[in-house]
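Structure file work.txt; described as compact mmCIF, C-alpha atoms.
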```
# COMPACT_ATOMS: atom_id res chain seq x y z
CA MET A 1 14.55 -28.32 -4.84
CA LEU A 2 12.19 -25.45 -4.13
CA THR A 3 14.21 -24.49 -1.08
CA ILE A 4 17.39 -24.36 -3.15
CA ALA A 5 15.63 -22.18 -5.69
CA SER A 6 14.47 -19.74 -3.04
CA LEU A 7 17.94 -19.62 -1.49
CA LEU A 8 19.41 -18.85 -4.90
CA LEU A 9 16.84 -16.09 -5.34
CA LEU A 10 17.84 -14.62 -1.99
CA LEU A 11 21.47 -14.75 -3.09
CA ALA A 12 20.56 -13.02 -6.32
CA ALA A 13 18.91 -10.30 -4.30
CA VAL A 14 22.25 -9.26 -2.81
CA PRO A 15 23.79 -7.75 -5.99
CA THR A 16 20.45 -6.12 -6.74
CA LEU A 17 20.49 -4.49 -3.35
CA VAL A 18 24.07 -3.36 -3.88
CA ARG A 19 23.09 -1.83 -7.23
CA LEU A 20 20.18 -0.08 -5.58
CA LEU A 21 22.28 1.37 -2.80
CA ARG A 22 25.35 2.27 -4.84
CA GLY A 23 23.80 2.73 -8.27
CA PRO A 24 25.51 5.70 -9.86
CA THR A 25 22.53 6.74 -11.96
CA LEU A 26 18.85 6.87 -11.17
CA TYR A 27 18.15 4.47 -13.98
CA ASP A 28 20.21 1.77 -12.25
CA ARG A 29 18.12 2.21 -9.15
CA THR A 30 14.83 2.08 -11.00
CA LEU A 31 15.88 -1.10 -12.72
CA ALA A 32 17.11 -2.60 -9.45
CA THR A 33 13.79 -1.80 -7.77
CA ASN A 34 11.89 -3.45 -10.57
CA VAL A 35 14.09 -6.53 -10.58
CA PHE A 36 13.76 -6.81 -6.84
CA GLY A 37 9.99 -6.61 -7.13
CA THR A 38 10.01 -9.45 -9.63
CA MET A 39 12.23 -11.50 -7.36
CA THR A 40 9.93 -10.88 -4.43
CA THR A 41 7.00 -12.10 -6.50
CA LEU A 42 8.91 -15.26 -7.34
CA LEU A 43 9.97 -15.78 -3.73
CA ILE A 44 6.42 -15.49 -2.48
CA ALA A 45 5.21 -17.91 -5.14
CA LEU A 46 7.95 -20.34 -4.11
CA ALA A 47 6.98 -19.92 -0.47
CA ALA A 48 3.41 -20.78 -1.41
CA PHE A 49 4.61 -24.10 -2.77
CA ILE A 50 7.08 -24.78 0.03
CA PHE A 51 4.52 -24.17 2.79
CA GLU A 52 1.76 -25.62 0.60
CA ARG A 53 -0.50 -22.66 1.17
CA ALA A 54 -2.36 -21.64 -1.94
CA ASP A 55 -3.50 -18.32 -0.52
CA LEU A 56 0.04 -17.03 -0.61
CA LEU A 57 -0.23 -17.06 -4.40
CA ASP A 58 -2.72 -14.20 -4.07
CA ILE A 59 0.02 -12.10 -2.53
CA ALA A 60 2.40 -12.93 -5.38
CA LEU A 61 -0.26 -11.96 -7.91
CA LEU A 62 -0.92 -8.74 -6.05
CA TYR A 63 2.77 -7.87 -6.10
CA ALA A 64 3.02 -8.53 -9.81
CA LEU A 65 0.12 -6.16 -10.50
CA VAL A 66 0.92 -3.42 -8.02
CA ASN A 67 4.65 -3.35 -8.66
CA PHE A 68 3.87 -2.61 -12.29
CA VAL A 69 1.83 0.43 -11.31
CA GLY A 70 4.59 1.67 -9.01
CA THR A 71 7.25 1.26 -11.68
CA ILE A 72 5.12 3.13 -14.22
CA ALA A 73 4.73 5.97 -11.74
CA ILE A 74 8.47 6.14 -11.09
CA LEU A 75 9.27 6.07 -14.81
CA LYS A 76 6.69 8.70 -15.62
CA PHE A 77 8.07 10.94 -12.93
CA PHE A 78 11.56 10.20 -14.20
CA ARG A 79 10.66 11.23 -17.72
CA TYR A 80 8.13 14.04 -17.32
CA ARG A 81 8.89 15.26 -13.79
CA THR A 82 5.25 15.31 -12.85
CA LEU A 83 2.49 12.87 -12.07
CA GLY A 84 -0.34 14.93 -13.46
CA LYS A 85 -0.85 16.45 -16.84
CA THR A 86 1.83 15.32 -19.21
CA PRO A 87 3.71 18.29 -20.61
CA PRO A 88 4.75 18.31 -24.24
CA LEU A 89 8.25 17.03 -24.72
CA PRO A 90 10.93 19.47 -25.73
CA PRO A 91 11.63 19.36 -29.46
CA GLY A 92 14.10 16.78 -30.63
CA GLU A 93 13.26 14.49 -27.72
CA GLU A 94 10.17 12.75 -29.05
CA SER A 95 9.65 9.17 -27.98
CA MET B 1 1.91 10.18 -22.98
CA GLN B 2 0.91 10.13 -26.63
CA HIS B 3 4.01 8.34 -27.82
CA HIS B 4 4.10 5.34 -25.55
CA LEU B 5 2.04 2.92 -27.57
CA VAL B 6 3.24 -0.16 -25.70
CA LEU B 7 2.47 1.30 -22.31
CA ARG B 8 -0.97 2.44 -23.39
CA VAL B 9 -1.90 -0.97 -24.78
CA ILE B 10 -0.53 -2.77 -21.72
CA ALA B 11 -2.38 -0.44 -19.39
CA LYS B 12 -5.63 -1.03 -21.24
CA LEU B 13 -5.02 -4.78 -21.07
CA LEU B 14 -4.21 -4.70 -17.37
CA PHE B 15 -6.98 -2.35 -16.26
CA ALA B 16 -9.75 -4.96 -16.27
CA PRO B 17 -7.69 -7.75 -14.63
CA ILE B 18 -6.68 -5.43 -11.80
CA LEU B 19 -10.32 -4.54 -11.20
CA LEU B 20 -11.26 -8.21 -11.33
CA PHE B 21 -8.55 -9.05 -8.84
CA ALA B 22 -9.83 -6.27 -6.59
CA PHE B 23 -13.31 -7.78 -6.65
CA TYR B 24 -11.80 -11.17 -5.90
CA VAL B 25 -9.93 -9.81 -2.90
CA GLN B 26 -13.02 -7.94 -1.75
CA PHE B 27 -15.39 -10.88 -1.76
CA HIS B 28 -12.90 -13.65 -1.10
CA GLY B 29 -11.66 -11.94 2.06
CA ASP B 30 -13.73 -14.32 4.16
CA PHE B 31 -11.76 -17.29 2.86
CA GLY B 32 -8.23 -16.10 2.11
CA PRO B 33 -6.05 -13.14 2.90
CA GLY B 34 -7.49 -9.80 2.00
CA GLY B 35 -10.56 -7.78 2.67
CA GLY B 36 -12.07 -4.40 2.09
CA PHE B 37 -9.01 -2.31 2.79
CA GLN B 38 -6.73 -4.21 0.43
CA ALA B 39 -9.41 -4.42 -2.25
CA GLY B 40 -9.94 -0.68 -2.05
CA LEU B 41 -6.24 -0.09 -2.56
CA ILE B 42 -6.16 -2.40 -5.58
CA PHE B 43 -9.18 -0.64 -7.07
CA ALA B 44 -7.47 2.65 -6.52
CA SER B 45 -4.24 1.47 -8.11
CA ALA B 46 -6.15 0.53 -11.26
CA PHE B 47 -7.55 4.04 -11.50
CA VAL B 48 -4.22 5.57 -10.57
CA LEU B 49 -2.61 3.62 -13.41
CA HIS B 50 -5.21 5.00 -15.78
CA GLY B 51 -4.66 8.49 -14.46
CA LEU B 52 -0.91 8.16 -14.89
CA LEU B 53 -1.05 7.02 -18.48
CA PHE B 54 -4.02 8.92 -19.88
CA ASP B 55 -3.84 12.09 -17.78
CA VAL B 56 -6.13 12.87 -14.89
CA SER B 57 -8.40 15.03 -17.02
CA SER B 58 -9.53 12.08 -19.13
CA ALA B 59 -9.87 9.92 -16.01
CA ARG B 60 -12.27 12.57 -14.69
CA GLN B 61 -14.63 11.96 -17.57
CA PHE B 62 -15.67 8.55 -16.39
CA LEU B 63 -14.99 8.98 -12.68
CA PRO B 64 -15.79 12.57 -11.76
CA ASP B 65 -14.49 14.08 -8.56
CA ARG B 66 -17.98 14.55 -7.21
CA LEU B 67 -18.53 10.80 -7.42
CA LEU B 68 -15.34 10.17 -5.45
CA GLN B 69 -16.39 12.54 -2.68
CA VAL B 70 -19.84 10.99 -2.48
CA GLY B 71 -18.34 7.50 -2.59
CA ALA B 72 -15.94 8.19 0.27
CA ALA B 73 -18.86 9.29 2.41
CA VAL B 74 -21.14 6.46 1.26
CA GLY B 75 -18.60 3.86 2.40
CA VAL B 76 -18.50 5.23 5.94
CA LEU B 77 -22.28 5.54 5.98
CA LEU B 78 -22.68 1.96 4.76
CA TYR B 79 -20.50 0.75 7.62
CA ALA B 80 -22.26 2.81 10.25
CA GLY B 81 -25.62 2.02 8.67
CA THR B 82 -24.98 -1.70 9.05
CA GLY B 83 -24.35 -1.07 12.71
CA LEU B 84 -27.52 0.98 13.05
CA ALA B 85 -29.53 -1.61 11.16
CA SER B 86 -28.49 -4.25 13.65
CA VAL B 87 -29.60 -1.89 16.44
CA LEU B 88 -32.98 -1.42 14.76
CA LEU B 89 -33.38 -5.16 14.38
CA GLY B 90 -32.90 -5.61 18.09
CA GLY B 91 -29.21 -6.23 18.67
CA ASN B 92 -26.25 -4.20 19.81
CA PHE B 93 -24.42 -1.76 17.58
CA LEU B 94 -22.49 -3.74 14.93
CA ASP B 95 -23.86 -7.01 16.31
CA TYR B 96 -24.74 -8.71 13.04
CA ASP B 97 -26.51 -11.70 14.54
CA HIS B 98 -29.89 -10.10 14.01
CA LEU B 99 -29.47 -9.13 10.36
CA ALA B 100 -30.80 -12.44 9.07
CA GLU B 101 -32.68 -15.48 10.27
CA ALA B 102 -29.72 -17.49 11.49
CA PRO B 103 -26.96 -15.76 13.47
CA THR B 104 -24.17 -17.05 11.22
CA SER B 105 -25.82 -15.91 8.00
CA GLY B 106 -26.44 -12.58 9.69
CA GLN B 107 -22.75 -12.44 10.48
CA HIS B 108 -21.90 -13.26 6.86
CA LEU B 109 -24.18 -10.52 5.57
CA GLY B 110 -22.87 -8.03 8.09
CA ILE B 111 -19.23 -8.78 7.28
CA ILE B 112 -19.82 -8.45 3.53
CA LEU B 113 -21.63 -5.13 3.95
CA VAL B 114 -19.02 -3.76 6.29
CA GLU B 115 -16.13 -4.83 4.06
CA ALA B 116 -17.88 -3.25 1.08
CA GLY B 117 -18.11 0.00 3.03
CA VAL B 118 -14.40 -0.12 3.87
CA GLY B 119 -13.50 -0.90 0.27
CA ILE B 120 -15.54 1.93 -1.22
CA THR B 121 -14.16 4.48 1.21
CA VAL B 122 -10.53 3.44 0.79
CA ALA B 123 -10.70 3.32 -3.02
CA CYS B 124 -12.34 6.73 -3.29
CA VAL B 125 -10.03 8.37 -0.76
CA VAL B 126 -6.85 7.03 -2.38
CA VAL B 127 -7.91 8.13 -5.87
CA MET B 128 -8.91 11.49 -4.41
CA VAL B 129 -5.51 11.94 -2.75
CA PHE B 130 -3.69 10.91 -5.92
CA ARG B 131 -5.64 13.46 -7.95
CA ALA B 132 -5.02 16.15 -5.38
CA PHE B 133 -1.28 15.49 -5.74
CA ALA B 134 -1.35 15.14 -9.50
CA ASP B 135 -3.31 18.37 -9.97
CA HIS B 136 -1.11 20.28 -7.68
CA LEU B 137 2.22 19.24 -9.10
CA PRO B 138 3.94 21.79 -11.22
CA CYS B 139 6.41 20.39 -13.67
CA LEU B 140 9.79 20.57 -11.99
CA ARG B 141 12.15 23.04 -13.52
CA GLU B 142 15.33 21.95 -15.20
CA GLN B 143 17.66 23.26 -12.50
CA ASP B 144 15.72 21.49 -9.77
CA TRP B 145 15.94 18.20 -11.51
CA MET C 1 19.13 -12.79 5.90
CA LEU C 2 15.95 -10.82 5.32
CA PHE C 3 16.68 -8.82 8.43
CA ALA C 4 20.12 -7.97 7.10
CA PHE C 5 18.56 -6.75 3.88
CA LEU C 6 16.04 -4.72 5.85
CA ILE C 7 18.72 -3.08 7.95
CA ALA C 8 20.83 -2.32 4.88
CA THR C 9 17.84 -0.68 3.21
CA ALA C 10 17.02 1.35 6.31
CA LEU C 11 20.62 2.57 6.56
CA GLY C 12 20.48 3.45 2.89
CA ILE C 13 17.34 5.51 3.43
CA ALA C 14 18.97 7.38 6.29
CA TYR C 15 22.25 7.89 4.45
CA LEU C 16 21.18 8.95 0.97
CA ARG C 17 20.50 12.60 0.33
CA HIS C 18 18.94 11.96 -3.02
CA LEU C 19 15.21 11.89 -2.34
CA PHE C 20 14.23 10.14 -5.56
CA ALA C 21 16.45 7.22 -4.63
CA VAL C 22 15.03 7.31 -1.11
CA VAL C 23 11.51 6.89 -2.50
CA MET C 24 12.63 3.80 -4.38
CA LEU C 25 14.42 2.44 -1.33
CA ALA C 26 11.24 2.92 0.68
CA GLY C 27 9.37 0.81 -1.84
CA MET C 28 12.04 -1.83 -1.48
CA PHE C 29 11.78 -1.61 2.31
CA SER C 30 8.11 -2.43 2.08
CA LEU C 31 8.83 -5.42 -0.18
CA LEU C 32 11.33 -6.74 2.34
CA SER C 33 9.07 -6.25 5.32
CA ALA C 34 6.28 -8.04 3.47
CA LEU C 35 8.63 -10.97 2.91
CA LEU C 36 9.55 -10.91 6.59
CA LEU C 37 5.89 -10.91 7.62
CA LEU C 38 5.29 -13.74 5.23
CA SER C 39 8.04 -15.78 6.83
CA MET C 40 6.23 -15.27 10.14
CA ASP C 41 3.12 -16.72 8.51
CA ALA C 42 1.13 -13.49 8.76
CA ALA C 43 -0.44 -13.68 5.32
CA ASP C 44 -3.03 -10.96 5.88
CA VAL C 45 -0.52 -8.41 7.11
CA ALA C 46 1.83 -9.23 4.24
CA PHE C 47 -1.07 -8.75 1.86
CA THR C 48 -1.81 -5.32 3.27
CA GLU C 49 1.84 -4.35 3.20
CA ALA C 50 2.03 -5.45 -0.43
CA ALA C 51 -1.06 -3.49 -1.41
CA VAL C 52 0.03 -0.32 0.36
CA GLY C 53 3.79 -0.28 0.09
CA ALA C 54 4.66 -1.29 -3.42
CA GLY C 55 2.23 0.81 -5.42
CA ILE C 56 0.25 3.49 -3.68
CA ALA C 57 2.81 4.57 -1.09
CA THR C 58 5.50 4.94 -3.76
CA ILE C 59 3.23 7.10 -5.89
CA LEU C 60 2.12 9.28 -2.99
CA MET C 61 5.71 9.72 -1.82
CA LEU C 62 6.71 10.73 -5.34
CA GLY C 63 3.95 13.32 -5.25
CA ALA C 64 5.05 14.58 -1.85
CA MET C 65 8.65 14.73 -3.02
CA ALA C 66 7.73 16.76 -6.07
CA LEU C 67 6.13 19.34 -3.80
CA THR C 68 9.33 19.78 -1.83
CA GLU C 69 12.95 19.59 -2.82
CA ARG C 70 14.70 16.88 -4.73
CA GLN C 71 17.82 16.89 -2.59
CA GLU C 72 17.85 16.72 1.14
CA LYS C 73 19.64 19.72 2.62
CA PRO C 74 23.09 18.95 3.99
CA LEU C 75 23.33 19.18 7.73
CA LYS C 76 24.60 22.54 8.92
CA SER C 77 24.80 22.07 12.65
CA SER C 78 28.08 20.93 14.13
CA MET C 79 28.77 17.45 15.42
CA LEU C 80 28.51 18.62 19.02
CA LYS C 81 24.98 19.93 18.59
CA ARG C 82 23.85 16.64 17.16
CA LEU C 83 25.21 14.60 20.06
CA PRO C 84 22.14 14.97 22.34
CA ALA C 85 19.90 13.67 19.57
CA LEU C 86 22.18 10.69 19.10
CA ALA C 87 22.19 10.07 22.84
CA VAL C 88 18.37 10.17 23.06
CA ALA C 89 17.89 7.91 20.05
CA GLY C 90 20.62 5.52 21.18
CA SER C 91 19.33 5.20 24.72
CA PHE C 92 15.79 4.68 23.49
CA GLY C 93 16.99 1.95 21.16
CA ALA C 94 18.94 0.35 24.00
CA LEU C 95 15.80 0.49 26.14
CA LEU C 96 13.80 -1.25 23.44
CA ILE C 97 16.43 -3.94 23.04
CA TYR C 98 16.51 -4.39 26.83
CA ALA C 99 12.73 -4.74 26.86
CA MET C 100 12.98 -7.32 24.10
CA PHE C 101 14.76 -9.73 26.44
CA ASP C 102 11.63 -9.86 28.61
CA ALA C 103 9.30 -10.47 25.69
CA PRO C 104 8.04 -14.01 25.28
CA PRO C 105 9.64 -15.94 22.41
CA PHE C 106 7.96 -15.85 19.03
CA GLY C 107 5.00 -18.17 18.87
CA ASP C 108 4.94 -18.88 22.60
CA PRO C 109 1.46 -20.28 23.36
CA PHE C 110 1.58 -18.90 26.91
CA ALA C 111 2.44 -15.33 25.99
CA PRO C 112 0.03 -12.79 27.53
CA ALA C 113 -1.32 -11.90 24.10
CA GLN C 114 -2.24 -15.51 23.46
CA VAL C 115 -4.03 -16.46 26.67
CA HIS C 116 -6.50 -13.60 27.08
CA VAL C 117 -9.13 -13.41 24.33
CA ALA C 118 -7.35 -15.19 21.49
CA PRO C 119 -8.50 -18.71 22.51
CA TYR C 120 -12.08 -17.50 22.63
CA TYR C 121 -11.84 -16.12 19.09
CA ILE C 122 -10.16 -19.24 17.78
CA GLU C 123 -12.69 -21.57 19.36
CA GLN C 124 -15.86 -19.60 18.80
CA THR C 125 -15.34 -18.19 15.30
CA ALA C 126 -16.36 -21.39 13.59
CA ARG C 127 -19.58 -21.56 15.59
CA GLU C 128 -20.56 -17.91 15.92
CA ILE C 129 -19.42 -16.44 12.61
CA ASP C 130 -18.61 -19.39 10.40
CA VAL C 131 -15.98 -17.60 8.33
CA PRO C 132 -12.81 -19.50 7.42
CA ASN C 133 -10.48 -16.52 7.70
CA LEU C 134 -10.07 -15.74 11.35
CA VAL C 135 -8.52 -12.33 10.70
CA THR C 136 -11.55 -11.14 8.77
CA ALA C 137 -13.87 -12.41 11.48
CA ILE C 138 -11.98 -10.55 14.20
CA LEU C 139 -11.55 -7.34 12.21
CA ALA C 140 -15.05 -7.05 10.84
CA SER C 141 -17.12 -8.61 13.58
CA TYR C 142 -15.49 -8.94 16.99
CA ARG C 143 -13.58 -5.69 16.58
CA GLY C 144 -16.06 -4.03 14.27
CA PHE C 145 -16.09 -0.83 16.27
CA ASP C 146 -12.31 -0.38 15.89
CA THR C 147 -12.57 -0.89 12.17
CA LEU C 148 -15.35 1.68 11.97
CA GLY C 149 -12.99 4.12 13.66
CA GLU C 150 -10.27 3.29 11.13
CA VAL C 151 -12.58 3.92 8.21
CA VAL C 152 -13.56 7.27 9.66
CA VAL C 153 -9.87 8.12 10.07
CA ILE C 154 -9.17 7.29 6.40
CA PHE C 155 -12.17 9.37 5.34
CA THR C 156 -11.02 12.33 7.43
CA ALA C 157 -7.47 12.05 6.10
CA GLY C 158 -8.73 12.06 2.52
CA ILE C 159 -10.84 15.15 3.13
CA GLY C 160 -7.91 16.83 4.84
CA VAL C 161 -5.52 16.20 1.95
CA ALA C 162 -8.08 17.29 -0.61
CA LEU C 163 -8.74 20.54 1.24
CA LEU C 164 -5.11 21.32 2.08
CA LEU C 165 -3.79 20.74 -1.40
CA GLY C 166 -6.50 22.98 -2.76
CA GLY C 167 -7.83 19.93 -4.57
CA PHE C 168 -10.81 20.18 -6.76
CA VAL C 169 -13.62 21.64 -4.72
CA PHE C 170 -12.76 25.31 -5.07
CA ARG C 171 -10.67 25.21 -8.20
CA GLU C 172 -13.22 26.67 -10.61
CA ARG C 173 -14.09 29.48 -8.27
CA SER C 174 -10.55 30.60 -7.54
CA LYS C 175 -9.60 30.91 -11.20
```

Whole structure given in C-alpha cells:
Amino acid sequence: MLTIASLLLLLAAVPTLVRLLRGPTLYDRTLATNVFGTMTTLLIALAAFIFERADLLDIALLYALVNFVGTIAILKFFRYRTLGKTPPLPPGEES
Amino acid sequence: MQHHLVLRVIAKLLFAPILLFAFYVQFHGDFGPGGGFQAGLIFASAFVLHGLLFDVSSARQFLPDRLLQVGAAVGVLLYAGTGLASVLLGGNFLDYDHLAEAPTSGQHLGIILVEAGVGITVACVVVMVFRAFADHLPCLREQDW
Amino acid sequence: MLFAFLIATALGIAYLRHLFAVVMLAGMFSLLSALLLLSMDAADVAFTEAAVGAGIATILMLGAMALTERQEKPLKSSMLKRLPALAVAGSFGALLIYAMFDAPPFGDPFAPAQVHVAPYYIEQTAREIDVPNLVTAILASYRGFDTLGEVVVIFTAGIGVALLLGGFVFRERSK
C-alpha cells in the first residue's frame, strides 16, 4: 500500500518536472518547484513508514519548513526584484 | 511587504516552531540525524525568513550585526576552547575523556559543547552572508528584468 | 528513476539560459539528491542536503544572481573552438566511468573503506562514547580535529563575504 503510494508520487513527479523544465512562464516554474518540494516531503514521510525509521520524519519536517522559506524568497524576488529593503510598489499595483 | 497580511501572520506563526526545531536538531543530534551544522542552518533560515518579510533593518533591531560577528567568533572559540580544556585537564587536544568523571560522560559533554560551537558559528555566518547580500542588492531595473 | 530525474535536472541547468529558472532547478536538484541519499540510507547526509539545498542555497544563489545578469550570455565562440573543451570533459567523464568498474559494489562489506577503521568505530563507539548516532560520534569526537577545521573554514568564508560585499562594518564611515 505504502509502496504503491510512493510509486504514484514518483509518477506524479514526472509532469511536475516537465513543467519545471518547459514551463513557459516563471510562475509555472515557481509553482512546479513548490509542488515538487511538497511531494518530496511526502515521499520522505512515506519512506519513513516503509523502512520503519522514525528519524526520517525529521527530514520530512525539515523540508516542509525550509522549503517554505525558499519559496518565500523566490516569490519576494519575483515580485520586488530584491531580497533586501522592500521598495514601494509602483502606483496602481498595490497588493 | 506591508500588504501581505497572510504572509506576515504565517511568518510570525512559523518563526518560533522553526527555532524550536533547530534546538531539537541541535540537542537531539546524538540520537537521530542532525547536529550543529544543520541546526545552525535551520536557525539561520528562521532569521532569514524574518529578514525577508520584515526587512533587514527591523531584523537588525533585535539581532544587531555586531552580535552576529561576535557570535561567529564565539562559536569557533567554544570549539577550540573545548579542545584546550581537555588539554588542561590532562588529555590530548579534543580528547573529551577527561572533561568529566567518567570517560563517556566526558565524551557527552564534549560533543554537546563542540556541536553548540558549530551551531553558533554556522547560524551567525549564514545570517551575516544573507544580510551582506540583501544590503548590497540594488533593485533590478525594469529593462534587466 | 531518481537518477533519471537527476540527470534531466542537470541537463536542464546546463541548457537553460534563464538564470532565475536555473536557480529554481538547482533547488530541485538538491531535493532529488537528498532523495537519492535517503534511498541509500544515509539519513545524516540527506538531512544536511535538505537543510542547505532547499532554503539557504536557493536564497544565496538568488542574491548572487541579482548581483550579476539575469540572462546568461549566448555563446559567441564557434563550434570548432569549443571542441577541445568537449574532448577534455568527455574523456574525463569516460575515465571516471572506467574507474567506476573497479569500484567495489555498493554496500560491499569488504570494500577498502569498510575494513580499515570503520569496524573500530562501529565496535567501540558504544563503549567509548556511548552515543546512539554513530555519525555524530565520528564527526565530533573521533574526527574532531577535521570538524574544527571545517568550522574555521565557515568562519573565514563568512568574514570574506562580509568584507568583499562591503557588508556592514564600514558602511557608516563610507557614507

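Atom to atom, atom CA of Leu2 of chain A and atom CA of Thr40 of chain A stand 14.7 Å apart.
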
Which residues, written as a PyMOL selection string, have at least one atom at most 10 Å from segment 3-8 of chain A, with all atoms listed in the file counted and residues fewer than 2 positions away on the same chain left out?
-> chain A and resi 1+10-13+39+42-47+49-50

Hey, list the chain C side of the contact with chain B: 8 Å cut-off, only C-alpha atoms, answer as a count of residues only.
-> 42

Tell me which of C:Ala50, C:Ala126, C:Ile97, C:Met61 sits closest to Leu65 of chain A, counting all atoms listed in the file.
->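 Smallest distance to Leu65 of chain A is found for C:Ala50.
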
Could you please select, counting all atoms listed in the file, the residues of chain A within 8 Å of chain C and state them as a list in words?
-> Leu17, Leu20, Leu21, Leu26, Arg29, Thr30, Thr33, Phe36, Gly37, Thr40, Ile44, Leu56, Ile59, Leu62, Tyr63, Val66, Asn67, Phe68, Val69, Gly70, Ala73, Ile74, Phe77, Arg81, Thr82 and Leu83 of chain A

Nearest to Val35 of chain A, restricted to all atoms listed in the file and choosing among A:Leu9, A:Lys76, A:Ala60, A:Thr16, comes out as A:Thr16

Long-range neighbours of Ala59 of chain B as a list in words, 9 Å cut-off, only C-alpha atoms, 6 positions minimum in chain |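 Contacts, in chain order: Phe47, Val48, His50 and Gly51 of chain B.
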
Kindly give the distance, in Å, that separates atom CA of Leu68 of chain B and atom CA of Ala123 of chain B, rounded to a single decimal.
->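 A separation of 8.6 Å between them.
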
Atom CA of Leu84 of chain B to atom CA of Thr125 of chain C, distance in Å rounded to a single decimal =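 Separating atom CA of Leu84 of chain B from atom CA of Thr125 of chain C is a distance of 22.8 Å.
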
Between A:Pro15, A:Arg22, A:Asp55, A:Thr71, which is the closest to chain B once you count only C-alpha atoms?
->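 Answer, going by the shortest atom-to-atom distance: A:Asp55.
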
Around segment 39-49 of chain A, with edges along x, y and z and 6 Å added on all six sides, what centre and edge lengths do you get, in Å to one decimal, as AutoDock Vina command-line options?
```
--center_x 7.8 --center_y -17.5 --center_z -3.9 --size_x 20.8 --size_y 25.2 --size_z 18.9
```

B:Leu63, B:Val9, B:Ala16, B:Leu53: which is nearest chain A, counting only C-alpha atoms?
->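 Answer, going by the shortest atom-to-atom distance: B:Leu53.
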
Pick out the closest residue to chain A from this set: B:Val56, B:Leu20, B:Leu109, B:Leu88. Count all atoms listed in the file.
->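 Smallest distance to chain A is found for B:Val56.
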